[in-house]
Amino acid sequence: MKFYKMHGIGNDYIYFDCFKTPVPNPSELAIRLSDRHFSIGGDGVILLCPSNVADCKMRMFNADGSEGKMCGNGVRCVGKLAHDLGYVNGNICRVETLSGIKTLEFTFDENGKVESAKVDMGAAELNGEKIPSAFRGEKVVGAPLEVGGRQYSVTLVSMGNPHCVTFEDPDAVDLEKTGKLFENHPAFPERINTEFVKVIRRNELKMRVWERGSGETLACGTGACAVAVAATLNGYCGKNEEITVHLRGGDLKIVYTDEAVYMTGGATLAFVGEIDL
């Protein structure tokens, strides 16, 4: 079966076109194909599928086989793949996900190929119970949380995926050790994605991310959105202003409004291959 290796600023997945051929057992496939030494390698597997309510549908599976509700970098690549394969025309694409329909607006290169997309990620969820978490209240901002015997100040945001943001130097943290402790903390019944953030200046942030089911990744779109929201709630950034988030794989531009969070970033096809399933 043909596959497409694509990435959004280093957040790389293995994509399959399911408009023509369904993929059997995508959860098991994600585990097998994501290995970077003995297989294709990636942060997981994403399926481009037909939809009855949008232009196309995205299903994403983490490297551990768990299915995710949303992937910000992945949805941009899904939109690009749908356009490149001729399933979508024009500069607008609506993608069905488990966290709702996301609308993409494309930017094209000189050859007419999609090179980036602006995504309407929908409204940020701030209610502690709905993250979900053990915290209660309409907002969880700067709340104390003990992790590994140390006290952290955390802000919780869901962008379809749950995120825990803490303003700790991302270069100083032992991310693999601390990230696992956050991910599996009893305060988060469905596990959690965790971002460690440094404020460089107003509206400019640097982050590293530990993703549930995948570990550290070079970039996380929903994580960057959550970081921009958390930074605004904590007074480091401004609402309705463009916020630059530096990730290990590159930069994302985020705008947080009362109605929605908008994310702009690249979508890149690395190579095309075939594998026996």
# chains A, B, ... in the order shown; residues from 1 in each chain; ligands from 1
call {"tool": "residues_around", "arguments": {"residues": "A:Leu33", "least_positions_apart": "5", "cutoff": "10 Å", "atoms": "only C-alpha atoms", "output": "number ranges by chain"}}
result
A: 13-14, 26, 28, 38-45, 63, 275
call {"tool": "write_last_selection", "arguments": {"atoms": "C-alpha atoms", "output": "mmCIF file, in the first residue's frame"}}
result
data_model
loop_
_atom_site.group_PDB
_atom_site.id
_atom_site.type_symbol
_atom_site.label_atom_id
_atom_site.label_comp_id
_atom_site.auth_asym_id
_atom_site.auth_seq_id
_atom_site.Cartn_x
_atom_site.Cartn_y
_atom_site.Cartn_z
ATOM 1 C CA TYR A 13 3.275 10.984 10.678
ATOM 2 C CA ILE A 14 2.710 8.210 8.164
ATOM 3 C CA PRO A 26 -4.740 1.164 12.168
ATOM 4 C CA GLU A 28 -1.716 -2.043 15.512
ATOM 5 C CA PHE A 38 12.993 -1.158 12.281
ATOM 6 C CA SER A 39 10.196 0.426 10.248
ATOM 7 C CA ILE A 40 9.193 3.680 8.519
ATOM 8 C CA GLY A 41 9.382 5.821 11.646
ATOM 9 C CA GLY A 42 7.043 8.564 12.809
ATOM 10 C CA ASP A 43 5.007 9.985 15.670
ATOM 11 C CA GLY A 44 2.122 7.785 14.546
ATOM 12 C CA VAL A 45 -0.245 7.032 11.667
ATOM 13 C CA ALA A 63 2.899 5.621 18.288
ATOM 14 C CA ILE A 275 4.799 -1.047 2.231
#
call {"tool": "residues_around", "arguments": {"residues": "A:Ser153", "least_positions_apart": "2", "cutoff": "8 Å", "atoms": "only C-alpha atoms", "output": "list in words"}}
result
Gly142, Ala143, Pro144, Leu145, Gln151, Thr155, Thr166 and Phe167 of chain A
call {"tool": "write_last_selection", "arguments": {"atoms": "C-alpha atoms", "output": "PDB file, in the first residue's frame"}}
result
ATOM      1  CA  GLY A 142      -1.664  28.909  37.926  1.00  0.00           C
ATOM      2  CA  ALA A 143      -2.957  26.044  40.079  1.00  0.00           C
ATOM      3  CA  PRO A 144      -0.532  24.136  42.316  1.00  0.00           C
ATOM      4  CA  LEU A 145       0.224  20.520  41.345  1.00  0.00           C
ATOM      5  CA  GLN A 151       5.365  21.685  43.300  1.00  0.00           C
ATOM      6  CA  THR A 155      -2.678  26.021  33.625  1.00  0.00           C
ATOM      7  CA  THR A 166       3.767  25.031  33.137  1.00  0.00           C
ATOM      8  CA  PHE A 167       6.127  27.990  32.830  1.00  0.00           C
TER       9      PHE A 167
END
call {"tool": "closest_residue", "arguments": {"among": "A:Met58, A:Leu181, A:Val165, A:Met121", "to": "A:Thr97", "atoms": "only C-alpha atoms"}}
result
A:Met58
call {"tool": "closest_atom_pairs", "arguments": {"of": "stretch 106-223 of chain A", "to": "stretch 235-245 of chain A", "cutoff": "12 Å", "atoms": "only C-alpha atoms", "output": "Markdown table"}}
result
| residue | atom | partner | partner_atom | distance |
| --- | --- | --- | --- | --- |
| A:Val141 | CA | A:Gly235 | CA | 10.8 |
| A:Gly142 | CA | A:Gly235 | CA | 11.1 |
| A:Phe167 | CA | A:Tyr236 | CA | 10.5 |
| A:Glu195 | CA | A:Val245 | CA | 11.6 |
| A:Phe196 | CA | A:Val245 | CA | 12.0 |
| A:Val197 | CA | A:Val245 | CA | 9.5 |
| A:Lys198 | CA | A:Val245 | CA | 10.0 |
| A:Val199 | CA | A:Tyr236 | CA | 7.3 |
| A:Ile200 | CA | A:Tyr236 | CA | 9.6 |
| A:Arg201 | CA | A:Tyr236 | CA | 7.9 |
| A:Arg202 | CA | A:Cys237 | CA | 5.4 |
| A:Asn203 | CA | A:Ile243 | CA | 4.5 |
| A:Glu204 | CA | A:Thr244 | CA | 4.9 |
| A:Leu205 | CA | A:Val245 | CA | 4.9 |
| A:Lys206 | CA | A:Val245 | CA | 5.8 |
| A:Met207 | CA | A:Val245 | CA | 7.2 |
| A:Arg208 | CA | A:Val245 | CA | 10.2 |
| A:Val209 | CA | A:Val245 | CA | 11.9 |
| A:Ala219 | CA | A:Val245 | CA | 10.1 |
| A:Cys220 | CA | A:Val245 | CA | 10.5 |
| A:Gly221 | CA | A:Val245 | CA | 9.9 |
| A:Thr222 | CA | A:Val245 | CA | 11.6 |
| A:Gly223 | CA | A:Val245 | CA | 9.9 |
call {"tool": "write_last_selection", "arguments": {"atoms": "N, CA, C and O atoms", "output": "mmCIF file, in the first residue's frame"}}
result
data_model
loop_
_atom_site.group_PDB
_atom_site.id
_atom_site.type_symbol
_atom_site.label_atom_id
_atom_site.label_comp_id
_atom_site.auth_asym_id
_atom_site.auth_seq_id
_atom_site.Cartn_x
_atom_site.Cartn_y
_atom_site.Cartn_z
ATOM 1 N N VAL A 141 -5.988 28.177 36.296
ATOM 2 C CA VAL A 141 -4.873 29.042 35.903
ATOM 3 C C VAL A 141 -3.920 29.188 37.082
ATOM 4 O O VAL A 141 -4.321 29.633 38.165
ATOM 5 N N GLY A 142 -2.660 28.784 36.873
ATOM 6 C CA GLY A 142 -1.664 28.909 37.926
ATOM 7 C C GLY A 142 -1.973 28.074 39.152
ATOM 8 O O GLY A 142 -1.641 28.455 40.277
ATOM 9 N N PHE A 167 5.100 27.046 33.265
ATOM 10 C CA PHE A 167 6.127 27.990 32.830
ATOM 11 C C PHE A 167 7.433 27.687 33.554
ATOM 12 O O PHE A 167 7.830 28.346 34.504
ATOM 13 N N GLU A 195 3.313 20.804 28.414
ATOM 14 C CA GLU A 195 4.219 21.766 27.773
ATOM 15 C C GLU A 195 5.011 22.513 28.838
ATOM 16 O O GLU A 195 4.449 22.995 29.832
ATOM 17 N N PHE A 196 6.323 22.604 28.622
ATOM 18 C CA PHE A 196 7.218 23.384 29.472
ATOM 19 C C PHE A 196 7.615 24.612 28.665
ATOM 20 O O PHE A 196 8.118 24.490 27.540
ATOM 21 N N VAL A 197 7.388 25.805 29.234
ATOM 22 C CA VAL A 197 7.396 27.033 28.438
ATOM 23 C C VAL A 197 8.312 28.095 29.050
ATOM 24 O O VAL A 197 8.324 28.305 30.266
ATOM 25 N N LYS A 198 9.041 28.771 28.169
ATOM 26 C CA LYS A 198 9.827 29.948 28.545
ATOM 27 C C LYS A 198 9.257 31.153 27.817
ATOM 28 O O LYS A 198 9.036 31.107 26.598
ATOM 29 N N VAL A 199 9.012 32.230 28.546
ATOM 30 C CA VAL A 199 8.549 33.476 27.939
ATOM 31 C C VAL A 199 9.781 34.276 27.519
ATOM 32 O O VAL A 199 10.590 34.688 28.355
ATOM 33 N N ILE A 200 9.935 34.464 26.215
ATOM 34 C CA ILE A 200 11.082 35.218 25.700
ATOM 35 C C ILE A 200 10.814 36.710 25.811
ATOM 36 O O ILE A 200 11.650 37.487 26.288
ATOM 37 N N ARG A 201 9.656 37.105 25.343
ATOM 38 C CA ARG A 201 9.179 38.488 25.463
ATOM 39 C C ARG A 201 7.683 38.443 25.206
ATOM 40 O O ARG A 201 7.137 37.373 24.928
ATOM 41 N N ARG A 202 7.006 39.578 25.289
ATOM 42 C CA ARG A 202 5.573 39.584 25.041
ATOM 43 C C ARG A 202 5.270 38.993 23.662
ATOM 44 O O ARG A 202 5.886 39.355 22.653
ATOM 45 N N ASN A 203 4.334 38.063 23.634
ATOM 46 C CA ASN A 203 3.868 37.421 22.407
ATOM 47 C C ASN A 203 4.939 36.570 21.719
ATOM 48 O O ASN A 203 4.848 36.298 20.522
ATOM 49 N N GLU A 204 5.962 36.128 22.476
ATOM 50 C CA GLU A 204 6.967 35.224 21.924
ATOM 51 C C GLU A 204 7.331 34.196 22.997
ATOM 52 O O GLU A 204 7.776 34.553 24.096
ATOM 53 N N LEU A 205 7.142 32.921 22.665
ATOM 54 C CA LEU A 205 7.294 31.844 23.630
ATOM 55 C C LEU A 205 8.150 30.725 23.056
ATOM 56 O O LEU A 205 8.198 30.526 21.835
ATOM 57 N N LYS A 206 8.814 29.999 23.930
ATOM 58 C CA LYS A 206 9.569 28.806 23.550
ATOM 59 C C LYS A 206 9.043 27.639 24.359
ATOM 60 O O LYS A 206 8.808 27.764 25.567
ATOM 61 N N MET A 207 8.836 26.488 23.717
ATOM 62 C CA MET A 207 8.245 25.355 24.423
ATOM 63 C C MET A 207 8.859 24.035 23.997
ATOM 64 O O MET A 207 9.411 23.891 22.905
ATOM 65 N N ARG A 208 8.776 23.063 24.897
ATOM 66 C CA ARG A 208 8.987 21.655 24.577
ATOM 67 C C ARG A 208 7.748 20.912 25.058
ATOM 68 O O ARG A 208 7.081 21.342 25.995
ATOM 69 N N VAL A 209 7.463 19.810 24.382
ATOM 70 C CA VAL A 209 6.211 19.111 24.673
ATOM 71 C C VAL A 209 6.456 17.627 24.886
ATOM 72 O O VAL A 209 7.283 17.007 24.203
ATOM 73 N N ALA A 219 7.231 18.947 17.524
ATOM 74 C CA ALA A 219 6.208 19.995 17.471
ATOM 75 C C ALA A 219 4.863 19.402 17.846
ATOM 76 O O ALA A 219 4.628 18.208 17.668
ATOM 77 N N CYS A 220 3.977 20.240 18.346
ATOM 78 C CA CYS A 220 2.609 19.836 18.677
ATOM 79 C C CYS A 220 1.718 21.041 18.439
ATOM 80 O O CYS A 220 1.848 22.060 19.125
ATOM 81 N N GLY A 221 0.823 20.931 17.461
ATOM 82 C CA GLY A 221 -0.030 22.066 17.098
ATOM 83 C C GLY A 221 -1.028 22.432 18.172
ATOM 84 O O GLY A 221 -1.158 23.600 18.553
ATOM 85 N N THR A 222 -1.747 21.428 18.702
ATOM 86 C CA THR A 222 -2.692 21.733 19.772
ATOM 87 C C THR A 222 -1.956 22.219 21.011
ATOM 88 O O THR A 222 -2.458 23.055 21.758
ATOM 89 N N GLY A 223 -0.734 21.695 21.214
ATOM 90 C CA GLY A 223 0.074 22.143 22.347
ATOM 91 C C GLY A 223 0.480 23.592 22.228
ATOM 92 O O GLY A 223 0.446 24.348 23.209
#
call {"tool": "closest_residue", "arguments": {"among": "A:Glu138, A:Asp174, A:Asp258, A:Asp12", "to": "A:Gly74", "atoms": "only C-alpha atoms"}}
result
A:Asp12
call {"tool": "residues_around", "arguments": {"residues": "stretch 265-270 of chain A", "least_positions_apart": "5", "cutoff": "7 Å", "atoms": "only C-alpha atoms", "output": "ChimeraX atom specification"}}
result
/A:5-9,76-77,80,115-118,252-253
call {"tool": "closest_residue", "arguments": {"among": "A:Glu67, A:Asp120, A:Glu183, A:Glu274", "to": "A:Val147", "atoms": "only C-alpha atoms"}}
result
A:Glu183
call {"tool": "closest_residue", "arguments": {"among": "A:Gly10, A:Pro50, A:Gly179, A:Gly112", "to": "A:Val95", "atoms": "only C-alpha atoms"}}
result
A:Pro50
call {"tool": "closest_residue", "arguments": {"among": "A:Arg150, A:Lys20, A:Lys113, A:His163", "to": "A:Arg191", "atoms": "only C-alpha atoms"}}
result
A:His163
call {"tool": "select_by_dssp", "arguments": {"residues": "stretch 65-225 of chain A", "states": "strand (DSSP E or B)", "output": "PyMOL selection string"}}
result
chain A and resi 67-68+92-97+100-108+114-120+125+143-147+150-158+162-166+193-201+204-211+215-217
